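What follows is the content of entry13.pdb, which has PDB, C-alpha atoms, pLDDT in the B column:
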ATOM      1  CA  MET A   5     226.463  38.467  -8.049  1.00 77.00           C
ATOM      2  CA  GLU A   6     223.957  40.398 -10.114  1.00 89.00           C
ATOM      3  CA  ARG A   7     224.916  44.028 -10.715  1.00 96.00           C
ATOM      4  CA  LYS A   8     221.664  45.878  -9.949  1.00 98.00           C
ATOM      5  CA  ALA A   9     221.118  49.595 -10.421  1.00 98.00           C
ATOM      6  CA  LEU A  10     218.319  51.986  -9.542  1.00 98.00           C
ATOM      7  CA  TYR A  11     217.097  54.996 -11.512  1.00 98.00           C
ATOM      8  CA  ALA A  12     214.484  56.858  -9.479  1.00 97.00           C
ATOM      9  CA  GLY A  13     212.339  59.893 -10.205  1.00 95.00           C
ATOM     10  CA  SER A  14     208.801  61.167 -10.454  1.00 95.00           C
ATOM     11  CA  PHE A  15     208.514  60.448 -14.193  1.00 96.00           C
ATOM     12  CA  ASP A  16     205.407  62.631 -14.460  1.00 96.00           C
ATOM     13  CA  PRO A  17     205.539  62.209 -17.386  1.00 96.00           C
ATOM     14  CA  VAL A  18     208.488  60.169 -18.617  1.00 97.00           C
ATOM     15  CA  THR A  19     210.444  62.169 -21.220  1.00 96.00           C
ATOM     16  CA  ASN A  20     212.865  61.319 -24.007  1.00 97.00           C
ATOM     17  CA  GLY A  21     215.613  62.477 -21.641  1.00 96.00           C
ATOM     18  CA  HIS A  22     214.537  59.894 -19.055  1.00 97.00           C
ATOM     19  CA  LEU A  23     214.320  57.187 -21.698  1.00 97.00           C
ATOM     20  CA  ASN A  24     217.809  58.078 -22.955  1.00 97.00           C
ATOM     21  CA  ILE A  25     219.234  57.605 -19.454  1.00 97.00           C
ATOM     22  CA  ILE A  26     217.268  54.353 -18.968  1.00 98.00           C
ATOM     23  CA  GLU A  27     218.495  52.846 -22.239  1.00 98.00           C
ATOM     24  CA  ARG A  28     222.110  53.735 -21.542  1.00 98.00           C
ATOM     25  CA  ALA A  29     222.089  52.655 -17.886  1.00 98.00           C
ATOM     26  CA  ALA A  30     220.452  49.336 -18.798  1.00 98.00           C
ATOM     27  CA  LYS A  31     223.499  48.528 -20.940  1.00 98.00           C
ATOM     28  CA  MET A  32     225.811  49.086 -17.967  1.00 98.00           C
ATOM     29  CA  PHE A  33     224.142  46.778 -15.438  1.00 98.00           C
ATOM     30  CA  ASP A  34     222.625  43.302 -15.292  1.00 98.00           C
ATOM     31  CA  SER A  35     219.327  44.789 -14.166  1.00 98.00           C
ATOM     32  CA  LEU A  36     217.968  48.300 -13.873  1.00 98.00           C
ATOM     33  CA  THR A  37     215.017  49.172 -11.693  1.00 98.00           C
ATOM     34  CA  VAL A  38     213.224  52.340 -12.735  1.00 98.00           C
ATOM     35  CA  ALA A  39     211.344  53.379  -9.617  1.00 98.00           C
ATOM     36  CA  ILE A  40     208.754  56.076  -9.177  1.00 97.00           C
ATOM     37  CA  ALA A  41     209.329  58.074  -6.030  1.00 95.00           C
ATOM     38  CA  VAL A  42     205.918  58.488  -4.406  1.00 93.00           C
ATOM     39  CA  ASN A  43     205.371  61.899  -2.854  1.00 84.00           C
ATOM     40  CA  PRO A  44     201.928  62.050  -1.201  1.00 80.00           C
ATOM     41  CA  ASN A  45     202.219  65.841  -0.918  1.00 79.00           C
ATOM     42  CA  LYS A  46     202.357  66.311  -4.699  1.00 79.00           C
ATOM     43  CA  THR A  47     199.540  66.006  -7.190  1.00 79.00           C
ATOM     44  CA  GLY A  48     200.835  64.970 -10.571  1.00 89.00           C
ATOM     45  CA  LEU A  49     199.353  64.843 -14.035  1.00 94.00           C
ATOM     46  CA  PHE A  50     199.330  61.043 -13.767  1.00 96.00           C
ATOM     47  CA  SER A  51     198.716  58.819 -10.763  1.00 94.00           C
ATOM     48  CA  VAL A  52     201.620  56.675  -9.606  1.00 95.00           C
ATOM     49  CA  ASP A  53     199.975  53.596 -11.123  1.00 96.00           C
ATOM     50  CA  GLU A  54     199.485  55.384 -14.458  1.00 97.00           C
ATOM     51  CA  ARG A  55     203.135  56.465 -14.464  1.00 97.00           C
ATOM     52  CA  ALA A  56     204.202  52.884 -13.773  1.00 98.00           C
ATOM     53  CA  GLU A  57     202.046  51.605 -16.632  1.00 98.00           C
ATOM     54  CA  ILE A  58     203.474  54.211 -19.031  1.00 98.00           C
ATOM     55  CA  LEU A  59     207.034  53.402 -17.950  1.00 98.00           C
ATOM     56  CA  ARG A  60     206.448  49.677 -18.465  1.00 98.00           C
ATOM     57  CA  GLU A  61     205.129  50.340 -21.964  1.00 98.00           C
ATOM     58  CA  VAL A  62     207.950  52.659 -23.067  1.00 98.00           C
ATOM     59  CA  THR A  63     210.669  50.373 -21.648  1.00 98.00           C
ATOM     60  CA  LYS A  64     209.250  47.028 -22.802  1.00 98.00           C
ATOM     61  CA  HIS A  65     211.973  46.841 -25.472  1.00 98.00           C
ATOM     62  CA  ILE A  66     214.649  46.728 -22.748  1.00 98.00           C
ATOM     63  CA  PRO A  67     214.641  43.210 -21.262  1.00 98.00           C
ATOM     64  CA  ASN A  68     216.584  43.977 -18.078  1.00 98.00           C
ATOM     65  CA  VAL A  69     214.421  46.914 -16.938  1.00 98.00           C
ATOM     66  CA  LYS A  70     211.910  46.525 -14.133  1.00 98.00           C
ATOM     67  CA  VAL A  71     209.481  49.266 -13.029  1.00 98.00           C
ATOM     68  CA  ASP A  72     208.665  49.738  -9.351  1.00 98.00           C
ATOM     69  CA  LYS A  73     207.615  52.446  -6.904  1.00 97.00           C
ATOM     70  CA  PHE A  74     208.661  53.463  -3.413  1.00 97.00           C
ATOM     71  CA  SER A  75     207.988  56.118  -0.805  1.00 94.00           C
ATOM     72  CA  GLY A  76     210.379  57.644   1.665  1.00 94.00           C
ATOM     73  CA  LEU A  77     214.104  58.003   1.231  1.00 95.00           C
ATOM     74  CA  ALA A  78     215.660  56.648  -1.928  1.00 96.00           C
ATOM     75  CA  ALA A  79     218.601  55.559   0.237  1.00 97.00           C
ATOM     76  CA  ASP A  80     216.320  53.275   2.244  1.00 97.00           C
ATOM     77  CA  TYR A  81     214.998  51.713  -0.969  1.00 98.00           C
ATOM     78  CA  VAL A  82     218.575  51.297  -2.225  1.00 98.00           C
ATOM     79  CA  ASN A  83     219.702  49.653   1.018  1.00 97.00           C
ATOM     80  CA  GLU A  84     216.679  47.326   1.197  1.00 97.00           C
ATOM     81  CA  ASN A  85     217.184  46.109  -2.381  1.00 97.00           C
ATOM     82  CA  GLY A  86     220.966  45.769  -2.620  1.00 96.00           C
ATOM     83  CA  PHE A  87     221.569  48.079  -5.576  1.00 97.00           C
ATOM     84  CA  ILE A  88     225.223  48.656  -6.382  1.00 97.00           C
ATOM     85  CA  ALA A  89     224.517  51.886  -8.269  1.00 98.00           C
ATOM     86  CA  TYR A  90     222.098  54.778  -8.015  1.00 98.00           C
ATOM     87  CA  ILE A  91     221.685  56.394 -11.433  1.00 98.00           C
ATOM     88  CA  ARG A  92     221.053  60.107 -11.743  1.00 97.00           C
ATOM     89  CA  GLY A  93     220.645  62.108 -14.933  1.00 95.00           C
ATOM     90  CA  LEU A  94     222.237  65.470 -15.602  1.00 93.00           C
ATOM     91  CA  ARG A  95     220.861  67.985 -18.093  1.00 90.00           C
ATOM     92  CA  ALA A  96     222.860  71.107 -17.301  1.00 85.00           C
ATOM     93  CA  VAL A  97     225.495  72.511 -14.950  1.00 84.00           C
ATOM     94  CA  ASN A  98     222.953  73.524 -12.300  1.00 85.00           C
ATOM     95  CA  ASP A  99     221.807  69.870 -12.090  1.00 87.00           C
ATOM     96  CA  PHE A 100     225.375  68.933 -11.154  1.00 92.00           C
ATOM     97  CA  GLU A 101     225.393  71.106  -8.039  1.00 91.00           C
ATOM     98  CA  ASN A 102     222.154  69.578  -6.750  1.00 92.00           C
ATOM     99  CA  GLU A 103     223.166  66.031  -7.650  1.00 93.00           C
ATOM    100  CA  LEU A 104     226.613  66.409  -6.066  1.00 94.00           C
ATOM    101  CA  GLN A 105     225.048  67.496  -2.776  1.00 95.00           C
ATOM    102  CA  MET A 106     222.560  64.613  -2.924  1.00 95.00           C
ATOM    103  CA  ALA A 107     225.299  62.103  -3.818  1.00 95.00           C
ATOM    104  CA  GLN A 108     227.404  63.202  -0.866  1.00 96.00           C
ATOM    105  CA  MET A 109     224.450  62.812   1.512  1.00 97.00           C
ATOM    106  CA  ASN A 110     223.585  59.427   0.019  1.00 96.00           C
ATOM    107  CA  ASP A 111     227.188  58.320   0.459  1.00 95.00           C
ATOM    108  CA  ILE A 112     226.540  58.587   4.186  1.00 96.00           C
ATOM    109  CA  LEU A 113     223.083  56.962   3.979  1.00 97.00           C
ATOM    110  CA  PHE A 114     223.946  54.062   1.660  1.00 97.00           C
ATOM    111  CA  THR A 115     224.996  51.052   3.739  1.00 94.00           C
ATOM    112  CA  GLY A 116     226.277  48.624   1.113  1.00 90.00           C
ATOM    113  CA  GLY A 117     228.837  50.695  -0.753  1.00 93.00           C
ATOM    114  CA  THR A 118     226.351  51.808  -3.405  1.00 97.00           C
ATOM    115  CA  GLN A 119     227.810  54.353  -5.796  1.00 97.00           C
ATOM    116  CA  THR A 120     225.976  57.262  -7.376  1.00 97.00           C
ATOM    117  CA  VAL A 121     226.460  57.243 -11.137  1.00 97.00           C
ATOM    118  CA  LEU A 122     225.783  60.512 -12.958  1.00 96.00           C
ATOM    119  CA  LEU A 123     224.883  60.231 -16.638  1.00 97.00           C
ATOM    120  CA  MET A 124     224.632  63.261 -18.879  1.00 94.00           C
ATOM    121  CA  THR A 125     221.601  63.196 -21.109  1.00 90.00           C
ATOM    122  CA  ASP A 126     221.924  63.454 -24.847  1.00 91.00           C
ATOM    123  CA  PRO A 127     222.342  67.191 -25.651  1.00 90.00           C
ATOM    124  CA  LYS A 128     219.168  67.169 -27.762  1.00 92.00           C
ATOM    125  CA  ASN A 129     217.246  66.360 -24.548  1.00 89.00           C
ATOM    126  CA  SER A 130     219.052  68.766 -22.239  1.00 88.00           C
ATOM    127  CA  PHE A 131     216.238  71.325 -22.058  1.00 88.00           C
ATOM    128  CA  ILE A 132     213.427  68.824 -21.483  1.00 91.00           C
ATOM    129  CA  SER A 133     211.821  68.536 -18.065  1.00 91.00           C
ATOM    130  CA  SER A 134     208.579  66.917 -17.001  1.00 92.00           C
ATOM    131  CA  SER A 135     207.360  70.271 -15.680  1.00 91.00           C
ATOM    132  CA  LEU A 136     207.975  71.940 -19.026  1.00 93.00           C
ATOM    133  CA  ILE A 137     206.264  69.073 -20.863  1.00 95.00           C
ATOM    134  CA  LYS A 138     203.154  69.443 -18.674  1.00 93.00           C
ATOM    135  CA  GLU A 139     203.078  73.196 -19.166  1.00 94.00           C
ATOM    136  CA  VAL A 140     203.436  73.050 -22.949  1.00 96.00           C
ATOM    137  CA  ALA A 141     200.901  70.234 -23.309  1.00 95.00           C
ATOM    138  CA  SER A 142     198.353  71.903 -21.023  1.00 93.00           C
ATOM    139  CA  LEU A 143     198.524  75.048 -23.159  1.00 95.00           C
ATOM    140  CA  GLY A 144     197.879  73.063 -26.339  1.00 94.00           C
ATOM    141  CA  GLY A 145     201.443  72.740 -27.600  1.00 95.00           C
ATOM    142  CA  SER A 146     202.813  69.578 -29.138  1.00 95.00           C
ATOM    143  CA  VAL A 147     205.182  67.473 -27.059  1.00 96.00           C
ATOM    144  CA  ASP A 148     205.324  64.640 -29.592  1.00 96.00           C
ATOM    145  CA  ASP A 149     209.062  65.038 -30.208  1.00 95.00           C
ATOM    146  CA  LEU A 150     209.898  65.390 -26.503  1.00 96.00           C
ATOM    147  CA  VAL A 151     208.371  62.262 -24.988  1.00 97.00           C
ATOM    148  CA  PRO A 152     208.074  58.640 -26.140  1.00 97.00           C
ATOM    149  CA  PRO A 153     205.090  58.178 -28.513  1.00 97.00           C
ATOM    150  CA  TYR A 154     203.039  56.196 -25.986  1.00 98.00           C
ATOM    151  CA  ALA A 155     203.585  58.894 -23.344  1.00 97.00           C
ATOM    152  CA  ALA A 156     202.471  61.573 -25.852  1.00 97.00           C
ATOM    153  CA  LYS A 157     199.297  59.589 -26.521  1.00 96.00           C
ATOM    154  CA  ARG A 158     198.572  59.244 -22.798  1.00 97.00           C
ATOM    155  CA  ILE A 159     199.230  62.957 -22.149  1.00 97.00           C
ATOM    156  CA  LYS A 160     196.720  63.910 -24.869  1.00 95.00           C
ATOM    157  CA  GLU A 161     194.159  61.499 -23.435  1.00 95.00           C
ATOM    158  CA  LYS A 162     194.667  62.780 -19.887  1.00 95.00           C
ATOM    159  CA  LEU A 163     194.366  66.425 -20.871  1.00 93.00           C
ATOM    160  CA  SER A 164     191.203  65.785 -22.866  1.00 89.00           C
ATOM    161  CA  GLU A 165     189.435  64.266 -19.802  1.00 81.00           C
TER     162      GLU A 165
END

Could you write out this file's structure as structure tokens?
Amino acid sequence: MERKALYAGSFDPVTNGHLNIIERAAKMFDSLTVAIAVNPNKTGLFSVDERAEILREVTKHIPNVKVDKFSGLAADYVNENGFIAYIRGLRAVNDFENELQMAQMNDILFTGGTQTVLLMTDPKNSFISSSLIKEVASLGGSVDDLVPPYAAKRIKEKLSE
């Protein structure tokens, strides 16, 4: 049986923190799906399709990673696809409180015994968030050391439109 895991998020844009979690989780499972959670009520810097394209490019060096997208509850996507693990990244203590609450709810919603796996990001990435990246970049600051190089290129292109 293939050990499949899911790492879901908005990835708008993908950061070095996200990539750190992806690379580490991919080593733990036979396959890792990185899925963009589609929220029609939010307007992001990048469209869902652009985010998927960026994710595919920055993860192309990881052979067992697949990029997808879904809408609705992550638990429904987990149950429909038979993932054995739901990966979540932690940056700081306050993330733990939110993730613990979500994990406990998902424990009720997951139907196949899926486990939530919490991975702490590398400390050098602990302050990075997509929101902060967008804010810094939109004000003309460099985010080159905070996101994968291809993502930095795409952010500059998007903001110059």

Query - Output of the PyMOL selection byres ((chain A and resi 56) around 8), listed as a list of chain:residue names - result: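 Selected by the PyMOL selection byres ((chain A and resi 56) around 8) here: A:Ile40, A:Val52, A:Asp53, A:Glu54, A:Arg55, A:Glu57, A:Ile58, A:Leu59, A:Arg60, A:Val71, A:Asp72, A:Lys73.
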
Requested in this report: Figure out the distance between atom CA of A:Ser164 and atom CA of A:Ser133, please, to one decimal in Å.
Outcome: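 These atoms are spaced 21.3 Å apart.
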
**Report entry** Exercise: A:Ala78 partners within 10 Å, all atoms listed in the file, chain neighbours under 3 positions left out, as a VMD selection string
**Finding:** chain A and resid 10 to 13 39 41 74 to 75 81 to 84 90 110 113 to 114

**Report entry** Residues within 12 Å of (203.0, 70.9, -22.3), counting only C-alpha atoms, listed as a list in words
**Finding:**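 Residues satisfying the cut-off, written out: Asp16, Pro17, Thr19, Leu49, Ile132, Ser133, Ser134, Ser135, Leu136, Ile137, Lys138, Glu139, Val140, Ala141, Ser142, Leu143, Gly144, Gly145, Ser146, Val147, Asp148, Asp149, Leu150, Val151, Ala156, Ile159, Lys160, Lys162 and Leu163 of chain A.
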
Query raised in the report: Which one is closest to A:Pro44: A:His65, A:Ser14, A:Ala96, A:His22? Count all atoms listed in the file.
Result: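 Selected residue with least distance to A:Pro44: A:Ser14.
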
Query raised in the report: Using all atoms listed in the file, which residues sit within 12 Å of A:Val97 once same-chain residues fewer than 3 positions away are excluded, as a list in words?
Result: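 These residues fall inside the cut-off: Gly93, Leu94, Phe100, Glu101, Asn102, Glu103, Leu104, Met124, Thr125, Ser130 and Phe131 of chain A.
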
Query raised in the report: Expressed in Å to a single decimal, how great is the separation between atom CA of A:Ala89 and atom CA of A:Leu23?
Result: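 Value for the atom CA of A:Ala89-atom CA of A:Leu23 distance: 17.7 Å.
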
Query raised in the report: Which distance in Å separates atom CA of A:Ile88 and atom CA of A:Phe33, to one decimal?
Result: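 Separating atom CA of A:Ile88 from atom CA of A:Phe33 is a distance of 9.3 Å.
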
Query raised in the report: Smallest atom-to-atom distance to A:Met32: which of A:Met5, A:Met109, A:Ala79, A:Ile91, using only C-alpha atoms?
Result: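 Result for the nearest residue to A:Met32: A:Ile91.
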
Can you put N, CA and C atoms back into stretch 48-61 of chain A and show it as a short mmCIF file (atom, residue, chain, number, x, y, z; two decimals), keeping the file's coordinate frame?
data_model
loop_
_atom_site.label_atom_id
_atom_site.label_comp_id
_atom_site.auth_asym_id
_atom_site.auth_seq_id
_atom_site.Cartn_x
_atom_site.Cartn_y
_atom_site.Cartn_z
N GLY A 48 200.24 64.98 -9.24
CA GLY A 48 200.84 64.97 -10.57
C GLY A 48 199.77 64.94 -11.66
N LEU A 49 200.24 65.01 -12.89
CA LEU A 49 199.35 64.84 -14.04
C LEU A 49 198.82 63.42 -14.04
N PHE A 50 199.70 62.45 -13.78
CA PHE A 50 199.33 61.04 -13.77
C PHE A 50 199.44 60.49 -12.35
N SER A 51 198.59 59.53 -12.03
CA SER A 51 198.72 58.82 -10.76
C SER A 51 200.00 57.99 -10.81
N VAL A 52 200.42 57.51 -9.67
CA VAL A 52 201.62 56.68 -9.61
C VAL A 52 201.42 55.41 -10.44
N ASP A 53 200.25 54.81 -10.35
CA ASP A 53 199.98 53.60 -11.12
C ASP A 53 199.98 53.88 -12.62
N GLU A 54 199.45 55.02 -13.03
CA GLU A 54 199.48 55.38 -14.46
C GLU A 54 200.92 55.60 -14.92
N ARG A 55 201.73 56.25 -14.11
CA ARG A 55 203.14 56.46 -14.46
C ARG A 55 203.86 55.13 -14.60
N ALA A 56 203.57 54.21 -13.70
CA ALA A 56 204.20 52.88 -13.77
C ALA A 56 203.79 52.17 -15.06
N GLU A 57 202.53 52.25 -15.42
CA GLU A 57 202.05 51.60 -16.63
C GLU A 57 202.71 52.21 -17.86
N ILE A 58 202.83 53.53 -17.90
CA ILE A 58 203.47 54.21 -19.03
C ILE A 58 204.95 53.81 -19.10
N LEU A 59 205.63 53.80 -17.97
CA LEU A 59 207.03 53.40 -17.95
C LEU A 59 207.21 51.97 -18.43
N ARG A 60 206.34 51.07 -18.01
CA ARG A 60 206.45 49.68 -18.46
C ARG A 60 206.30 49.60 -19.98
N GLU A 61 205.37 50.37 -20.52
CA GLU A 61 205.13 50.34 -21.96
C GLU A 61 206.32 50.91 -22.74
#
